[in-house]
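For reference, my_file.cif (mmCIF, C-alpha atoms and all ligand atoms; chains and numbers go by the auth columns):
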```cif
data_structure
#
loop_
_atom_site.group_PDB
_atom_site.id
_atom_site.type_symbol
_atom_site.label_atom_id
_atom_site.label_comp_id
_atom_site.label_asym_id
_atom_site.label_seq_id
_atom_site.Cartn_x
_atom_site.Cartn_y
_atom_site.Cartn_z
_atom_site.B_iso_or_equiv
_atom_site.auth_seq_id
_atom_site.auth_asym_id
ATOM 1 C CA MET A 1 -3.884 -32.296 13.319 0.00 23 A
ATOM 2 C CA THR A 2 -6.064 -29.175 13.558 0.00 24 A
ATOM 3 C CA THR A 3 -6.235 -26.656 10.757 0.00 25 A
ATOM 4 C CA ASP A 4 -4.527 -24.066 12.984 0.00 26 A
ATOM 5 C CA THR A 5 -1.637 -26.421 13.720 0.00 27 A
ATOM 6 C CA TYR A 6 -1.325 -27.303 10.050 0.00 28 A
ATOM 7 C CA ASN A 7 -1.271 -23.623 9.078 0.00 29 A
ATOM 8 C CA THR A 8 1.327 -22.851 11.736 0.00 30 A
ATOM 9 C CA ILE A 9 3.624 -25.624 10.518 0.00 31 A
ATOM 10 C CA ARG A 10 3.110 -24.635 6.895 0.00 32 A
ATOM 11 C CA GLU A 11 3.918 -21.016 7.707 0.00 33 A
ATOM 12 C CA ALA A 12 7.007 -21.980 9.705 0.00 34 A
ATOM 13 C CA ARG A 13 8.237 -23.959 6.675 0.00 35 A
ATOM 14 C CA ARG A 14 7.502 -21.028 4.385 0.00 36 A
ATOM 15 C CA ALA A 15 9.386 -18.681 6.683 0.00 37 A
ATOM 16 C CA ALA A 16 12.346 -21.039 6.885 0.00 38 A
ATOM 17 C CA ALA A 17 12.439 -21.253 3.089 0.00 39 A
ATOM 18 C CA GLN A 18 12.608 -17.470 2.621 0.00 40 A
ATOM 19 C CA PRO A 19 15.985 -15.960 1.820 0.00 41 A
ATOM 20 C CA ARG A 20 17.608 -14.488 4.923 0.00 42 A
ATOM 21 C CA GLU A 21 19.079 -11.581 3.007 0.00 43 A
ATOM 22 C CA PHE A 22 17.335 -9.085 5.262 0.00 44 A
ATOM 23 C CA ALA A 23 18.405 -10.788 8.484 0.00 45 A
ATOM 24 C CA ASP A 24 20.563 -7.767 9.327 0.00 46 A
ATOM 25 C CA PHE A 25 17.612 -5.357 9.141 0.00 47 A
ATOM 26 C CA ALA A 26 17.892 -2.539 11.681 0.00 48 A
ATOM 27 C CA TRP A 27 16.241 0.850 11.978 0.00 49 A
ATOM 28 C CA THR A 28 17.886 3.875 10.479 0.00 50 A
ATOM 29 C CA SER A 29 18.702 6.467 13.138 0.00 51 A
ATOM 30 C CA GLU A 30 15.687 8.561 12.061 0.00 52 A
ATOM 31 C CA ASN A 31 13.352 5.602 12.257 0.00 53 A
ATOM 32 C CA ALA A 32 14.828 4.457 15.590 0.00 54 A
ATOM 33 C CA ALA A 33 13.795 7.845 16.978 0.00 55 A
ATOM 34 C CA GLN A 34 10.381 7.473 15.327 0.00 56 A
ATOM 35 C CA VAL A 35 9.962 4.088 17.028 0.00 57 A
ATOM 36 C CA GLN A 36 10.430 5.722 20.415 0.00 58 A
ATOM 37 C CA THR A 37 7.826 8.344 19.485 0.00 59 A
ATOM 38 C CA ILE A 38 5.404 5.558 18.552 0.00 60 A
ATOM 39 C CA PHE A 39 6.114 3.611 21.757 0.00 61 A
ATOM 40 C CA ALA A 40 5.418 6.750 23.792 0.00 62 A
ATOM 41 C CA ARG A 41 1.796 6.660 22.564 0.00 63 A
ATOM 42 C CA TYR A 42 1.093 3.480 24.495 0.00 64 A
ATOM 43 C CA PRO A 43 1.495 2.331 28.108 0.00 65 A
ATOM 44 C CA ASP A 44 4.518 0.067 28.610 0.00 66 A
ATOM 45 C CA THR A 45 2.163 -2.844 29.263 0.00 67 A
ATOM 46 C CA ARG A 46 0.413 -2.261 25.930 0.00 68 A
ATOM 47 C CA ARG A 47 3.376 -2.117 23.577 0.00 69 A
ATOM 48 C CA ALA A 48 1.777 -4.723 21.325 0.00 70 A
ATOM 49 C CA SER A 49 -0.518 -1.913 20.161 0.00 71 A
ATOM 50 C CA ALA A 50 2.470 -0.461 18.308 0.00 72 A
ATOM 51 C CA ILE A 51 2.662 -3.407 15.930 0.00 73 A
ATOM 52 C CA MET A 52 0.792 -1.743 13.053 0.00 74 A
ATOM 53 C CA PRO A 53 2.739 1.557 12.915 0.00 75 A
ATOM 54 C CA LEU A 54 6.025 -0.309 13.378 0.00 76 A
ATOM 55 C CA LEU A 55 5.291 -2.751 10.558 0.00 77 A
ATOM 56 C CA TRP A 56 4.342 0.215 8.382 0.00 78 A
ATOM 57 C CA LEU A 57 7.550 2.040 9.313 0.00 79 A
ATOM 58 C CA ALA A 58 9.586 -1.063 8.498 0.00 80 A
ATOM 59 C CA GLN A 59 7.855 -1.393 5.138 0.00 81 A
ATOM 60 C CA GLU A 60 8.559 2.266 4.354 0.00 82 A
ATOM 61 C CA GLN A 61 12.215 1.757 5.288 0.00 83 A
ATOM 62 C CA MET A 62 12.354 -1.249 2.959 0.00 84 A
ATOM 63 C CA ALA A 63 10.954 0.922 0.159 0.00 85 A
ATOM 64 C CA ALA A 64 13.621 3.556 0.743 0.00 86 A
ATOM 65 C CA ALA A 65 16.492 1.088 1.106 0.00 87 A
ATOM 66 C CA ALA A 66 15.570 -1.705 -1.271 0.00 88 A
ATOM 67 C CA GLY A 67 13.199 0.075 -3.670 0.00 89 A
ATOM 68 C CA SER A 68 10.334 -2.257 -2.792 0.00 90 A
ATOM 69 C CA ALA A 69 7.835 -1.703 -0.002 0.00 91 A
ATOM 70 C CA TRP A 70 7.454 -5.164 1.469 0.00 92 A
ATOM 71 C CA LEU A 71 8.009 -7.119 4.664 0.00 93 A
ATOM 72 C CA PRO A 72 10.339 -10.112 4.439 0.00 94 A
ATOM 73 C CA VAL A 73 10.108 -12.601 7.303 0.00 95 A
ATOM 74 C CA PRO A 74 13.343 -11.398 9.001 0.00 96 A
ATOM 75 C CA VAL A 75 11.949 -7.863 9.081 0.00 97 A
ATOM 76 C CA ILE A 76 8.696 -9.015 10.688 0.00 98 A
ATOM 77 C CA GLU A 77 10.799 -11.024 13.159 0.00 99 A
ATOM 78 C CA PHE A 78 12.827 -7.905 13.947 0.00 100 A
ATOM 79 C CA VAL A 79 9.709 -5.818 14.618 0.00 101 A
ATOM 80 C CA ALA A 80 8.089 -8.579 16.691 0.00 102 A
ATOM 81 C CA GLY A 81 11.271 -8.956 18.725 0.00 103 A
ATOM 82 C CA GLN A 82 11.429 -5.256 19.412 0.00 104 A
ATOM 83 C CA ILE A 83 7.886 -5.265 20.742 0.00 105 A
ATOM 84 C CA GLY A 84 8.391 -8.548 22.580 0.00 106 A
ATOM 85 C CA MET A 85 5.622 -10.463 20.861 0.00 107 A
ATOM 86 C CA PRO A 86 5.834 -13.859 19.164 0.00 108 A
ATOM 87 C CA TYR A 87 6.684 -13.687 15.467 0.00 109 A
ATOM 88 C CA MET A 88 3.449 -15.495 14.578 0.00 110 A
ATOM 89 C CA ARG A 89 1.301 -12.798 16.178 0.00 111 A
ATOM 90 C CA ALA A 90 3.091 -10.104 14.199 0.00 112 A
ATOM 91 C CA TYR A 91 2.709 -12.214 11.069 0.00 113 A
ATOM 92 C CA GLU A 92 -1.018 -12.546 11.710 0.00 114 A
ATOM 93 C CA VAL A 93 -1.302 -8.751 11.688 0.00 115 A
ATOM 94 C CA ALA A 94 0.786 -8.469 8.519 0.00 116 A
ATOM 95 C CA THR A 95 -1.377 -11.018 6.703 0.00 117 A
ATOM 96 C CA PHE A 96 -4.698 -9.547 7.864 0.00 118 A
ATOM 97 C CA TYR A 97 -4.238 -6.051 6.443 0.00 119 A
ATOM 98 C CA THR A 98 -3.696 -5.519 2.731 0.00 120 A
ATOM 99 C CA MET A 99 -1.544 -2.460 3.460 0.00 121 A
ATOM 100 C CA TYR A 100 1.354 -4.820 4.199 0.00 122 A
ATOM 101 C CA ASN A 101 3.056 -6.567 1.315 0.00 123 A
ATOM 102 C CA LEU A 102 4.450 -10.009 2.002 0.00 124 A
ATOM 103 C CA LYS A 103 6.355 -10.308 -1.224 0.00 125 A
ATOM 104 C CA PRO A 104 8.345 -7.783 -3.258 0.00 126 A
ATOM 105 C CA VAL A 105 6.373 -5.193 -5.199 0.00 127 A
ATOM 106 C CA GLY A 106 7.412 -2.716 -7.844 0.00 128 A
ATOM 107 C CA ARG A 107 8.573 0.780 -6.976 0.00 129 A
ATOM 108 C CA TYR A 108 5.000 1.853 -7.662 0.00 130 A
ATOM 109 C CA LEU A 109 2.171 -0.226 -6.218 0.00 131 A
ATOM 110 C CA VAL A 110 -0.879 0.605 -8.350 0.00 132 A
ATOM 111 C CA GLN A 111 -4.041 -0.231 -6.429 0.00 133 A
ATOM 112 C CA VAL A 112 -7.122 -0.010 -8.615 0.00 134 A
ATOM 113 C CA CYS A 113 -10.391 0.262 -6.716 0.00 135 A
ATOM 114 C CA GLY A 114 -12.935 -2.171 -8.142 0.00 136 A
ATOM 115 C CA THR A 115 -15.824 -1.629 -5.730 0.00 137 A
ATOM 116 C CA THR A 116 -19.261 -0.691 -7.069 0.00 138 A
ATOM 117 C CA PRO A 117 -18.992 3.143 -7.447 0.00 139 A
ATOM 118 C CA CYS A 118 -15.635 2.821 -9.196 0.00 140 A
ATOM 119 C CA LEU A 119 -16.860 -0.174 -11.186 0.00 141 A
ATOM 120 C CA LEU A 120 -19.895 1.782 -12.432 0.00 142 A
ATOM 121 C CA ARG A 121 -17.683 4.736 -13.328 0.00 143 A
ATOM 122 C CA GLY A 122 -15.153 2.780 -15.366 0.00 144 A
ATOM 123 C CA SER A 123 -12.637 0.892 -13.206 0.00 145 A
ATOM 124 C CA ASP A 124 -12.577 -1.813 -15.891 0.00 146 A
ATOM 125 C CA ASP A 125 -11.053 0.781 -18.233 0.00 147 A
ATOM 126 C CA LEU A 126 -8.377 1.501 -15.621 0.00 148 A
ATOM 127 C CA LEU A 127 -7.543 -2.196 -15.311 0.00 149 A
ATOM 128 C CA ARG A 128 -7.342 -2.351 -19.106 0.00 150 A
ATOM 129 C CA ALA A 129 -4.964 0.627 -19.132 0.00 151 A
ATOM 130 C CA CYS A 130 -2.769 -1.179 -16.625 0.00 152 A
ATOM 131 C CA ALA A 131 -2.890 -4.444 -18.569 0.00 153 A
ATOM 132 C CA ASP A 132 -2.049 -2.658 -21.838 0.00 154 A
ATOM 133 C CA ARG A 133 1.022 -1.257 -20.139 0.00 155 A
ATOM 134 C CA GLY A 134 2.138 -4.699 -19.014 0.00 156 A
ATOM 135 C CA LEU A 135 1.082 -4.483 -15.377 0.00 157 A
ATOM 136 C CA LEU A 136 0.146 -7.808 -13.821 0.00 158 A
ATOM 137 C CA LYS A 137 -1.853 -8.385 -10.679 0.00 159 A
ATOM 138 C CA GLY A 138 0.571 -9.396 -7.957 0.00 160 A
ATOM 139 C CA GLY A 139 3.528 -9.381 -10.347 0.00 161 A
ATOM 140 C CA VAL A 140 6.364 -6.924 -10.883 0.00 162 A
ATOM 141 C CA THR A 141 6.992 -5.503 -14.357 0.00 163 A
ATOM 142 C CA THR A 142 10.340 -6.462 -15.861 0.00 164 A
ATOM 143 C CA ASP A 143 11.671 -2.938 -15.276 0.00 165 A
ATOM 144 C CA GLY A 144 10.878 -3.322 -11.571 0.00 166 A
ATOM 145 C CA LEU A 145 8.621 -0.278 -11.627 0.00 167 A
ATOM 146 C CA PHE A 146 5.032 -1.467 -11.237 0.00 168 A
ATOM 147 C CA THR A 147 2.868 -3.925 -9.370 0.00 169 A
ATOM 148 C CA LEU A 148 -0.890 -4.010 -9.906 0.00 170 A
ATOM 149 C CA ALA A 149 -3.476 -4.852 -7.273 0.00 171 A
ATOM 150 C CA GLU A 150 -7.268 -4.698 -7.450 0.00 172 A
ATOM 151 C CA VAL A 151 -8.607 -3.549 -4.089 0.00 173 A
ATOM 152 C CA GLU A 152 -11.861 -2.732 -2.385 0.00 174 A
ATOM 153 C CA CYS A 153 -13.150 0.793 -1.659 0.00 175 A
ATOM 154 C CA LEU A 154 -10.375 3.272 -0.869 0.00 176 A
ATOM 155 C CA GLY A 155 -12.747 5.931 0.431 0.00 177 A
ATOM 156 C CA ALA A 156 -12.749 8.329 -2.521 0.00 178 A
ATOM 157 C CA CYS A 157 -15.989 7.110 -4.120 0.00 179 A
ATOM 158 C CA ALA A 158 -17.211 10.637 -4.952 0.00 180 A
ATOM 159 C CA ASN A 159 -14.298 10.924 -7.373 0.00 181 A
ATOM 160 C CA ALA A 160 -14.604 7.465 -8.891 0.00 182 A
ATOM 161 C CA PRO A 161 -12.923 5.783 -10.569 0.00 183 A
ATOM 162 C CA MET A 162 -9.668 6.126 -8.732 0.00 184 A
ATOM 163 C CA VAL A 163 -6.382 4.402 -7.986 0.00 185 A
ATOM 164 C CA GLN A 164 -3.910 4.703 -5.160 0.00 186 A
ATOM 165 C CA ILE A 165 -0.267 4.624 -6.188 0.00 187 A
ATOM 166 C CA ASN A 166 1.971 4.263 -3.148 0.00 188 A
ATOM 167 C CA ALA A 167 0.678 7.012 -0.815 0.00 189 A
ATOM 168 C CA ASP A 168 -1.061 9.148 -3.465 0.00 190 A
ATOM 169 C CA ASN A 169 -4.636 9.032 -4.756 0.00 191 A
ATOM 170 C CA TYR A 170 -5.409 9.690 -8.431 0.00 192 A
ATOM 171 C CA GLU A 171 -9.105 10.306 -9.019 0.00 193 A
ATOM 172 C CA ASP A 172 -11.702 10.928 -11.748 0.00 194 A
ATOM 173 C CA LEU A 173 -9.608 8.814 -14.067 0.00 195 A
ATOM 174 C CA ASP A 174 -10.203 7.197 -17.407 0.00 196 A
ATOM 175 C CA TYR A 175 -8.080 5.040 -19.681 0.00 197 A
ATOM 176 C CA ALA A 176 -6.131 7.970 -21.146 0.00 198 A
ATOM 177 C CA SER A 177 -5.458 9.844 -17.900 0.00 199 A
ATOM 178 C CA LEU A 178 -4.249 6.752 -16.064 0.00 200 A
ATOM 179 C CA THR A 179 -2.039 5.802 -18.996 0.00 201 A
ATOM 180 C CA ALA A 180 -0.530 9.298 -18.874 0.00 202 A
ATOM 181 C CA ILE A 181 0.132 8.942 -15.131 0.00 203 A
ATOM 182 C CA LEU A 182 1.833 5.562 -15.579 0.00 204 A
ATOM 183 C CA ASP A 183 3.921 6.957 -18.439 0.00 205 A
ATOM 184 C CA ALA A 184 4.985 9.926 -16.299 0.00 206 A
ATOM 185 C CA LEU A 185 5.996 7.662 -13.404 0.00 207 A
ATOM 186 C CA ALA A 186 7.998 5.496 -15.787 0.00 208 A
ATOM 187 C CA ARG A 187 9.847 8.619 -16.950 0.00 209 A
ATOM 188 C CA GLY A 188 10.766 9.383 -13.342 0.00 210 A
ATOM 189 C CA GLU A 189 8.306 12.241 -13.027 0.00 211 A
ATOM 190 C CA THR A 190 5.891 12.830 -10.148 0.00 212 A
ATOM 191 C CA PRO A 191 2.439 13.454 -11.634 0.00 213 A
ATOM 192 C CA ALA A 192 0.150 15.641 -9.541 0.00 214 A
ATOM 193 C CA ALA A 193 -2.122 13.608 -7.309 0.00 215 A
ATOM 194 C CA GLY A 194 -5.844 14.324 -6.942 0.00 216 A
ATOM 195 C CA SER A 195 -8.595 14.746 -9.477 0.00 217 A
ATOM 196 C CA ALA A 196 -7.683 14.373 -13.138 0.00 218 A
ATOM 197 C CA ILE A 197 -10.529 16.730 -14.120 0.00 219 A
ATOM 198 C CA GLY A 198 -9.691 19.523 -11.702 0.00 220 A
ATOM 199 C CA ARG A 199 -12.385 18.705 -9.203 0.00 221 A
ATOM 200 C CA ARG A 200 -11.776 20.364 -5.860 0.00 222 A
ATOM 201 C CA ALA A 201 -11.862 17.778 -3.035 0.00 223 A
ATOM 202 C CA SER A 202 -15.213 16.026 -3.488 0.00 224 A
ATOM 203 C CA CYS A 203 -17.093 19.088 -4.800 0.00 225 A
ATOM 204 C CA PRO A 204 -19.454 18.598 -7.745 0.00 226 A
ATOM 205 C CA GLU A 205 -17.839 18.466 -11.158 0.00 227 A
ATOM 206 C CA GLY A 206 -17.514 22.010 -12.505 0.00 228 A
ATOM 207 C CA GLY A 207 -17.820 23.601 -9.072 0.00 229 A
ATOM 208 C CA PRO A 208 -20.588 24.137 -6.517 0.00 230 A
ATOM 209 C CA THR A 209 -24.211 23.774 -7.619 0.00 231 A
ATOM 210 C CA THR A 210 -25.772 25.048 -4.380 0.00 232 A
ATOM 211 C CA LEU A 211 -24.979 27.800 -1.856 0.00 233 A
ATOM 212 C CA LYS A 212 -23.125 29.600 -4.644 0.00 234 A
ATOM 213 C CA GLU A 213 -23.554 32.944 -2.927 0.00 235 A
ATOM 214 C CA MET A 214 -21.272 31.704 -0.143 0.00 236 A
ATOM 215 C CA VAL A 215 -18.358 31.093 -2.495 0.00 237 A
ATOM 216 C CA ALA A 216 -15.787 33.880 -2.500 0.00 238 A
HETATM 217 S S1 LIG B . -15.717 2.541 -4.495 0.00 301 A
HETATM 218 FE FE1 LIG B . -13.812 3.179 -5.271 0.00 301 A
HETATM 219 S S2 LIG B . -13.139 4.591 -3.794 0.00 301 A
HETATM 220 FE FE2 LIG B . -15.000 3.861 -2.952 0.00 301 A
#
```
Using C-alpha cells, write down the structure from this file.
Amino acid sequence: MTTDTYNTIREARRAAAQPREFADFAWTSENAAQVQTIFARYPDTRRASAIMPLLWLAQEQMAAAAGSAWLPVPVIEFVAGQIGMPYMRAYEVATFYTMYNLKPVGRYLVQVCGTTPCLLRGSDDLLRACADRGLLKGGVTTDGLFTLAEVECLGACANAPMVQINADNYEDLDYASLTAILDALARGETPAAGSAIGRRASCPEGGPTTLKEMVA
C-alpha cells in the first residue's frame, strides 16, 4: 500500500468518525449571494479556483453561527459539492493553509508570531502572557474564549512582536499590553487593534526621523 493510499484511507476513517452535527450546513442568504459574487470572478470552467474564498466564507459563517471558526468535514463536503470537486481535493486545500481550522477553536484565535524579528523583540514574553492566562496551544480555554497558536511571520515585522487575534493585528506588544488585551476580550470589550505604543503604520517609534519638513 502506498503512503498516499494509506493517508487517503486514514483520512476517510477520520472523516467518518467525525460527528455529523453540521451535516445540514447551508449558506445564509447573505453568504449565498456572496458565493455568486465569488463565482463571478472565475470562468465557469475554472470554478475550482473559488475553493479558498468559499472555505474562508464557510469558516466565517461557522464563527458567526457556532461561535467557533472551524471547518467540520460536512462543511468541507458542502463547499466541495457546490464547486463540483472531490471532497479530498477540498480537504487538501484546507489542510495546506493554516488559515483554516480543522477542529474547534475558541471565540478568539490568538496567533503569536514566533519568527526571528518577533522572537528577538520578545515573542517569548507574549507566549508567557498567554500561558499565564491559561491559553494552550491548540486547545480551547474552559470558558470557550481562547485558542493559542504559534505561527510564522504575519507580515508586520516592523512592529514586532505582534499577534493576530481573529482578523485583527496587535503590534509592538509586551507581556503587560498583551495581558491587558486578553483581559479586555474576556470582558467582552473590543480593544483597539494596531500598535500598542501609538506607532503610526510602520513609521519609526516616536514619529519620522527623516524628511521631517514634509510632515504637515
Ligand atoms: S516576524 Fe513576526 S510579523 Fe514578521
Exercise for the section: Could you give me, as a PyMOL selection string, the residues within 12 Å of Leu142 (chain A), counting all atoms listed in the file and dropping anything in the same chain fewer than 3 positions from it? Expected result: chain A and resi 135-139+145-148+179-184
Practice task
Take CA of Ala214 (chain A) and atom FE2 of ligand LIG 301 (chain A) and report the distance between them in Å, one decimal.
Solution key: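 One can read the CA of Ala214 (chain A) to atom FE2 of ligand LIG 301 (chain A) distance as 20.3 Å.
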Practice task
Provide the CA of Gln81 (chain A) to CA of Val173 (chain A) distance in Å, to one decimal place.
Solution key: 19.0 Å
Practice task
Mind checking which residues fall within 7 Å of Leu93 (chain A), counting all atoms listed in the file, ignoring those fewer than 4 positions away in the same chain, and posting them as an MDAnalysis selection string?
Solution key: chainID A and resid 81 97:98 123:125
Exercise for the section: Specify as a PyMOL selection string each residue included when the PyMOL selection byres (((chain A and resi 82) around 12) and not hetatm) is applied to this file. Expected result: chain A and resi 49-50+53+75-81+83-93+97+121-123+129+188-189
Hey, could you pull the box centre and edge lengths for region 61-67 of chain A, axis-aligned, 3 Å padding per side, all listed atoms, to one decimal in Å, as JSON?
```
{"center_x": 3.6, "center_y": 2.0, "center_z": 25.5, "size_x": 11.0, "size_y": 15.6, "size_z": 13.5}
```
Exercise for the section: Just say which residues the PyMOL selection byres (((chain A and resi 224-229) around 12) and not hetatm) picks in this file, as a VMD selection string. Expected result: chain A and resid 177 to 182 193 to 194 216 to 223 230 to 234 237
Exercise for the section: Could you tell me how far CA of Glu174 (chain A) lies from CA of Tyr197 (chain A), in Å and to one decimal? Expected result: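 A separation of 19.3 Å between them.
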Exercise for the section: Counting all atoms listed in the file, figure out which residue out of A:Val185, A:Val132, A:Leu204, A:Leu176 gets nearest to ligand LIG 301 (chain A). Expected result: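 Under the stated criterion, the closest residue is A:Leu176.
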Handout entry: Closest of A:Pro94, A:Gly144, A:Gly160, A:Gly210 to ligand LIG 301 (chain A) - atom-to-atom distances counting only C-alpha atoms and all ligand atoms
Key =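 Among A:Pro94, A:Gly144, A:Gly160, A:Gly210, it is A:Gly144 that comes nearest to ligand LIG 301 (chain A).
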Handout entry: Contacts of Leu158 (chain A) within 12 Å, only C-alpha atoms, excl. fewer than 6 positions in-chain, as a list in words
Key =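 In the requested form, the answer reads Val127, Gly128, Leu131, Val132, Gln133, Val134, Leu149, Arg150, Ala151, Cys152, Thr164, Gly166, Leu167, Phe168, Thr169, Leu170, Ala171 and Glu172 of chain A.
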Would you save the residues of that selection, restricted to C-alpha atoms, as a CSV table (one decimal), in the coordinates of the input?
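Output saved as out11.csv:
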```csv
chain,number,residue,atom,x,y,z
A,127,VAL,CA,6.4,-5.2,-5.2
A,128,GLY,CA,7.4,-2.7,-7.8
A,131,LEU,CA,2.2,-0.2,-6.2
A,132,VAL,CA,-0.9,0.6,-8.4
A,133,GLN,CA,-4.0,-0.2,-6.4
A,134,VAL,CA,-7.1,0.0,-8.6
A,149,LEU,CA,-7.5,-2.2,-15.3
A,150,ARG,CA,-7.3,-2.4,-19.1
A,151,ALA,CA,-5.0,0.6,-19.1
A,152,CYS,CA,-2.8,-1.2,-16.6
A,164,THR,CA,10.3,-6.5,-15.9
A,166,GLY,CA,10.9,-3.3,-11.6
A,167,LEU,CA,8.6,-0.3,-11.6
A,168,PHE,CA,5.0,-1.5,-11.2
A,169,THR,CA,2.9,-3.9,-9.4
A,170,LEU,CA,-0.9,-4.0,-9.9
A,171,ALA,CA,-3.5,-4.9,-7.3
A,172,GLU,CA,-7.3,-4.7,-7.4
```
Problem - Nearest to ligand LIG 301 (chain A) by atom-to-atom distance, counting all atoms listed in the file, from A:Met74, A:Ala202, A:Leu195, A:Val57 - result: A:Leu195
Practice task
Identify which of the residues A:Ile203, A:Asn191, A:Arg155, A:Thr59 lies closest to Ala215 (chain A), counting all atoms listed in the file when measuring atom-to-atom distances.
Solution key: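 Result for the nearest residue to Ala215 (chain A): A:Asn191.
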Exercise for the section: Determine, counting only C-alpha atoms, every residue of protein, DNA or RNA that lies within 12 Å of (1.7, -12.6, 11.5) in the file coordinates, then give the result as a ChimeraX atom specification. Expected result: /A:29-30,33-34,37,73-74,77,93-99,101-102,107-119,122-124
